[in-house]
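K.L.:
One structure is given below, represented as structure tokens, and several questions about it will come after.
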There are 2 protein chains.
Amino acid sequence: MLDRVFGALSDPTRRALLARLSQSEATVGELAEPFDVSRPAISKHLDVLERAGMIHRVRDGRVNRCQFDGEPLEEAARWVERYRRFWEGRLDALAQFLEAEGEDG
Amino acid sequence: MLDRVFGALSDPTRRALLARLSQSEATVGELAEPFDVSRPAISKHLDVLERAGMIHRVRDGRVNRCQFDGEPLEEAARWVERYRRFWEGRLDALAQFLEAEGEDG
């Protein structure tokens, strides 16, 4: 699942669609409006986001509304945070080492 | 840059390589060992990670050592955290709403 989530996030249009949907649900037409991209292209991006579990399409009369789902981002955040913290820890250790060296010199 | 970072993270072998390198630097041979993948395939994965700025190759005599760089993960973490928190906030608001409804009923 992380493959699909990170893959979905690797495109700027898809990140912008997610950012928009994180604020409120929207129809495909509303989503397509601010983008200089065709509606079928937006639909394809939405398919990718849907397969990654990051949005759901809900039928509302004659239109499909798209809803944001933050659950997969939780998993992605856990992965990224783990190695980011590891990195921070290493930078802190390096800083302490350099500081100790400075005091010795 | 986020495109390349998230794209690099969308593959399980690349995530495993990053996890390994976050602990200590390693040669391509050392990195390839635990994987059931050819060395050229590992090299290609390392190219993707390098283009995303997540690793650096350092010449050490006759071998290349790979070093982890956590900087791009910081940027990815900021993006993910932003929308993850938004999502958490919405879940909290929903829980409060349901609680208030329950008290009314």
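Order determines the names: the first chain of the structure tokens is A, the second B, and so forth; residues in each chain are numbered 1 upward, and ligands are numbered 1 upward as they are shown.
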Just need chain B moved onto chain A: least-squares over all Cα atoms matched in order, then output as a PDB file with C-alpha atoms, in the first residue's frame.
P.N.:
ATOM      1  CA  MET B   1       0.033   0.045   0.027  1.00  0.00           C
ATOM      2  CA  LEU B   2       2.916   2.460   0.734  1.00  0.00           C
ATOM      3  CA  ASP B   3       3.984   1.936  -2.898  1.00  0.00           C
ATOM      4  CA  ARG B   4       0.655   3.299  -4.113  1.00  0.00           C
ATOM      5  CA  VAL B   5       0.517   6.100  -1.555  1.00  0.00           C
ATOM      6  CA  PHE B   6       4.009   7.436  -2.301  1.00  0.00           C
ATOM      7  CA  GLY B   7       3.441   6.863  -6.035  1.00  0.00           C
ATOM      8  CA  ALA B   8       0.231   8.917  -5.851  1.00  0.00           C
ATOM      9  CA  LEU B   9       2.098  11.712  -4.044  1.00  0.00           C
ATOM     10  CA  SER B  10       4.851  11.867  -6.700  1.00  0.00           C
ATOM     11  CA  ASP B  11       2.781  14.101  -9.006  1.00  0.00           C
ATOM     12  CA  PRO B  12       2.153  17.833  -8.382  1.00  0.00           C
ATOM     13  CA  THR B  13      -1.392  17.782  -9.805  1.00  0.00           C
ATOM     14  CA  ARG B  14      -2.334  14.902  -7.525  1.00  0.00           C
ATOM     15  CA  ARG B  15      -0.835  16.672  -4.507  1.00  0.00           C
ATOM     16  CA  ALA B  16      -2.826  19.790  -5.412  1.00  0.00           C
ATOM     17  CA  LEU B  17      -6.021  17.728  -5.780  1.00  0.00           C
ATOM     18  CA  LEU B  18      -5.426  16.179  -2.358  1.00  0.00           C
ATOM     19  CA  ALA B  19      -4.732  19.586  -0.820  1.00  0.00           C
ATOM     20  CA  ARG B  20      -8.020  20.858  -2.278  1.00  0.00           C
ATOM     21  CA  LEU B  21     -10.001  17.813  -1.116  1.00  0.00           C
ATOM     22  CA  SER B  22      -8.507  17.938   2.368  1.00  0.00           C
ATOM     23  CA  GLN B  23     -10.527  21.142   2.807  1.00  0.00           C
ATOM     24  CA  SER B  24     -13.884  19.923   1.527  1.00  0.00           C
ATOM     25  CA  GLU B  25     -15.397  17.373  -0.826  1.00  0.00           C
ATOM     26  CA  ALA B  26     -15.860  18.390  -4.457  1.00  0.00           C
ATOM     27  CA  THR B  27     -17.162  17.144  -7.793  1.00  0.00           C
ATOM     28  CA  VAL B  28     -14.794  16.235 -10.623  1.00  0.00           C
ATOM     29  CA  GLY B  29     -15.888  19.394 -12.451  1.00  0.00           C
ATOM     30  CA  GLU B  30     -15.090  21.598  -9.453  1.00  0.00           C
ATOM     31  CA  LEU B  31     -11.732  19.886  -9.076  1.00  0.00           C
ATOM     32  CA  ALA B  32     -10.813  20.262 -12.753  1.00  0.00           C
ATOM     33  CA  GLU B  33     -11.642  23.990 -12.892  1.00  0.00           C
ATOM     34  CA  PRO B  34      -8.422  25.542 -11.497  1.00  0.00           C
ATOM     35  CA  PHE B  35      -6.180  23.185 -13.462  1.00  0.00           C
ATOM     36  CA  ASP B  36      -4.955  23.627 -17.000  1.00  0.00           C
ATOM     37  CA  VAL B  37      -5.625  19.948 -17.594  1.00  0.00           C
ATOM     38  CA  SER B  38      -8.469  18.118 -19.358  1.00  0.00           C
ATOM     39  CA  ARG B  39     -11.236  16.533 -17.342  1.00  0.00           C
ATOM     40  CA  PRO B  40     -10.251  12.987 -18.418  1.00  0.00           C
ATOM     41  CA  ALA B  41      -6.710  13.724 -17.224  1.00  0.00           C
ATOM     42  CA  ILE B  42      -8.084  14.844 -13.844  1.00  0.00           C
ATOM     43  CA  SER B  43     -10.200  11.667 -13.728  1.00  0.00           C
ATOM     44  CA  LYS B  44      -7.094   9.556 -14.266  1.00  0.00           C
ATOM     45  CA  HIS B  45      -5.311  11.353 -11.423  1.00  0.00           C
ATOM     46  CA  LEU B  46      -8.352  10.735  -9.217  1.00  0.00           C
ATOM     47  CA  ASP B  47      -8.212   7.017 -10.146  1.00  0.00           C
ATOM     48  CA  VAL B  48      -4.628   6.883  -8.887  1.00  0.00           C
ATOM     49  CA  LEU B  49      -5.598   8.638  -5.643  1.00  0.00           C
ATOM     50  CA  GLU B  50      -8.585   6.302  -5.228  1.00  0.00           C
ATOM     51  CA  ARG B  51      -6.470   3.166  -5.720  1.00  0.00           C
ATOM     52  CA  ALA B  52      -4.124   4.504  -3.021  1.00  0.00           C
ATOM     53  CA  GLY B  53      -7.155   4.839  -0.695  1.00  0.00           C
ATOM     54  CA  MET B  54      -6.616   8.588  -0.379  1.00  0.00           C
ATOM     55  CA  ILE B  55      -9.975   9.600  -1.817  1.00  0.00           C
ATOM     56  CA  HIS B  56     -13.393   8.021  -2.160  1.00  0.00           C
ATOM     57  CA  ARG B  57     -15.930   8.734  -4.865  1.00  0.00           C
ATOM     58  CA  VAL B  58     -19.480   9.011  -3.591  1.00  0.00           C
ATOM     59  CA  ARG B  59     -22.452   8.997  -5.990  1.00  0.00           C
ATOM     60  CA  ASP B  60     -24.674  12.033  -5.369  1.00  0.00           C
ATOM     61  CA  GLY B  61     -27.581  12.002  -7.811  1.00  0.00           C
ATOM     62  CA  ARG B  62     -26.022  12.539 -11.235  1.00  0.00           C
ATOM     63  CA  VAL B  63     -22.593  13.611 -10.040  1.00  0.00           C
ATOM     64  CA  ASN B  64     -19.692  11.920  -8.278  1.00  0.00           C
ATOM     65  CA  ARG B  65     -18.374  13.711  -5.248  1.00  0.00           C
ATOM     66  CA  CYS B  66     -14.802  13.077  -4.163  1.00  0.00           C
ATOM     67  CA  GLN B  67     -13.955  12.842  -0.483  1.00  0.00           C
ATOM     68  CA  PHE B  68     -10.532  12.990   1.112  1.00  0.00           C
ATOM     69  CA  ASP B  69      -9.384  10.102   3.306  1.00  0.00           C
ATOM     70  CA  GLY B  70      -6.337  10.878   5.440  1.00  0.00           C
ATOM     71  CA  GLU B  71      -5.788   7.310   6.668  1.00  0.00           C
ATOM     72  CA  PRO B  72      -3.077   6.331   4.118  1.00  0.00           C
ATOM     73  CA  LEU B  73      -1.214   9.570   4.891  1.00  0.00           C
ATOM     74  CA  GLU B  74      -0.925   8.369   8.491  1.00  0.00           C
ATOM     75  CA  GLU B  75       0.991   5.310   7.344  1.00  0.00           C
ATOM     76  CA  ALA B  76       3.184   7.395   5.008  1.00  0.00           C
ATOM     77  CA  ALA B  77       3.855   9.864   7.838  1.00  0.00           C
ATOM     78  CA  ARG B  78       4.937   7.033  10.157  1.00  0.00           C
ATOM     79  CA  TRP B  79       7.431   5.767   7.576  1.00  0.00           C
ATOM     80  CA  VAL B  80       8.876   9.185   6.788  1.00  0.00           C
ATOM     81  CA  GLU B  81       9.014  10.249  10.456  1.00  0.00           C
ATOM     82  CA  ARG B  82      10.912   7.142  11.460  1.00  0.00           C
ATOM     83  CA  TYR B  83      13.869   7.813   9.171  1.00  0.00           C
ATOM     84  CA  ARG B  84      13.654  11.568   9.468  1.00  0.00           C
ATOM     85  CA  ARG B  85      14.084  11.267  13.258  1.00  0.00           C
ATOM     86  CA  PHE B  86      16.951   8.880  12.768  1.00  0.00           C
ATOM     87  CA  TRP B  87      18.568  11.507  10.562  1.00  0.00           C
ATOM     88  CA  GLU B  88      17.925  14.264  13.114  1.00  0.00           C
ATOM     89  CA  GLY B  89      19.485  12.086  15.792  1.00  0.00           C
ATOM     90  CA  ARG B  90      22.595  11.632  13.684  1.00  0.00           C
ATOM     91  CA  LEU B  91      22.865  15.379  13.041  1.00  0.00           C
ATOM     92  CA  ASP B  92      22.528  16.036  16.793  1.00  0.00           C
ATOM     93  CA  ALA B  93      25.246  13.472  17.541  1.00  0.00           C
ATOM     94  CA  LEU B  94      27.510  15.110  14.943  1.00  0.00           C
ATOM     95  CA  ALA B  95      26.912  18.564  16.447  1.00  0.00           C
ATOM     96  CA  GLN B  96      27.752  17.246  19.938  1.00  0.00           C
ATOM     97  CA  PHE B  97      30.902  15.592  18.604  1.00  0.00           C
ATOM     98  CA  LEU B  98      32.038  18.804  16.898  1.00  0.00           C
ATOM     99  CA  GLU B  99      31.277  20.793  20.048  1.00  0.00           C
ATOM    100  CA  ALA B 100      33.318  18.390  22.202  1.00  0.00           C
ATOM    101  CA  GLU B 101      36.175  18.545  19.671  1.00  0.00           C
ATOM    102  CA  GLY B 102      36.050  22.338  19.864  1.00  0.00           C
ATOM    103  CA  GLU B 103      36.339  22.272  23.657  1.00  0.00           C
ATOM    104  CA  ASP B 104      39.332  19.947  23.463  1.00  0.00           C
ATOM    105  CA  GLY B 105      41.199  22.104  20.930  1.00  0.00           C
TER     106      GLY B 105
END
K.L.:
Determine which residues of chain B DSSP labels as strand (DSSP E) from the backbone of this structure, then write them out as a list in words.
P.N.:
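Those residues are Ala26, Thr27, Ile55, His56, Arg57, Val58, Arg59, Asp60, Val63, Asn64, Arg65, Cys66, Gln67 and Phe68 of chain B.
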K.L.:
Could you write those residues out with N, CA and C atoms, as a tab-separated table (two decimals), in the first residue's frame?
P.N.:
chain	number	residue	atom	x	y	z
B	26	ALA	N	27.33	2.21	3.22
B	26	ALA	CA	27.61	0.86	2.74
B	26	ALA	C	28.01	0.90	1.28
B	27	THR	N	28.74	-0.12	0.83
B	27	THR	CA	29.08	-0.22	-0.59
B	27	THR	C	27.89	-0.84	-1.33
B	55	ILE	N	20.47	9.93	-1.22
B	55	ILE	CA	21.78	9.31	-0.93
B	55	ILE	C	22.85	10.03	-1.74
B	56	HIS	N	24.08	9.89	-1.27
B	56	HIS	CA	25.24	10.38	-2.02
B	56	HIS	C	26.20	9.22	-2.20
B	57	ARG	N	26.83	9.17	-3.36
B	57	ARG	CA	27.88	8.17	-3.58
B	57	ARG	C	29.21	8.84	-3.37
B	58	VAL	N	30.05	8.23	-2.55
B	58	VAL	CA	31.36	8.79	-2.25
B	58	VAL	C	32.42	7.78	-2.67
B	59	ARG	N	33.36	8.22	-3.51
B	59	ARG	CA	34.43	7.35	-4.00
B	59	ARG	C	35.38	7.06	-2.83
B	60	ASP	N	35.66	5.77	-2.60
B	60	ASP	CA	36.57	5.38	-1.52
B	60	ASP	C	37.52	4.34	-2.12
B	63	VAL	N	36.11	1.44	-4.46
B	63	VAL	CA	34.67	1.22	-4.29
B	63	VAL	C	33.91	2.53	-4.08
B	64	ASN	N	32.63	2.49	-4.38
B	64	ASN	CA	31.72	3.60	-4.10
B	64	ASN	C	30.98	3.29	-2.80
B	65	ARG	N	31.05	4.21	-1.88
B	65	ARG	CA	30.24	4.06	-0.67
B	65	ARG	C	29.00	4.93	-0.83
B	66	CYS	N	27.87	4.42	-0.34
B	66	CYS	CA	26.64	5.19	-0.38
B	66	CYS	C	26.33	5.72	1.00
B	67	GLN	N	25.97	7.00	1.04
B	67	GLN	CA	25.63	7.65	2.31
B	67	GLN	C	24.21	8.18	2.26
B	68	PHE	N	23.52	8.00	3.35
B	68	PHE	CA	22.14	8.48	3.49
B	68	PHE	C	22.13	10.00	3.69
K.L.:
Any chance you could list, as a PyMOL selection string, the residues in chain B that come up helix (DSSP H, G or I) when DSSP is run on the backbone?
P.N.:
chain B and resi 2-9+12-21+28-32+39-51+71-104
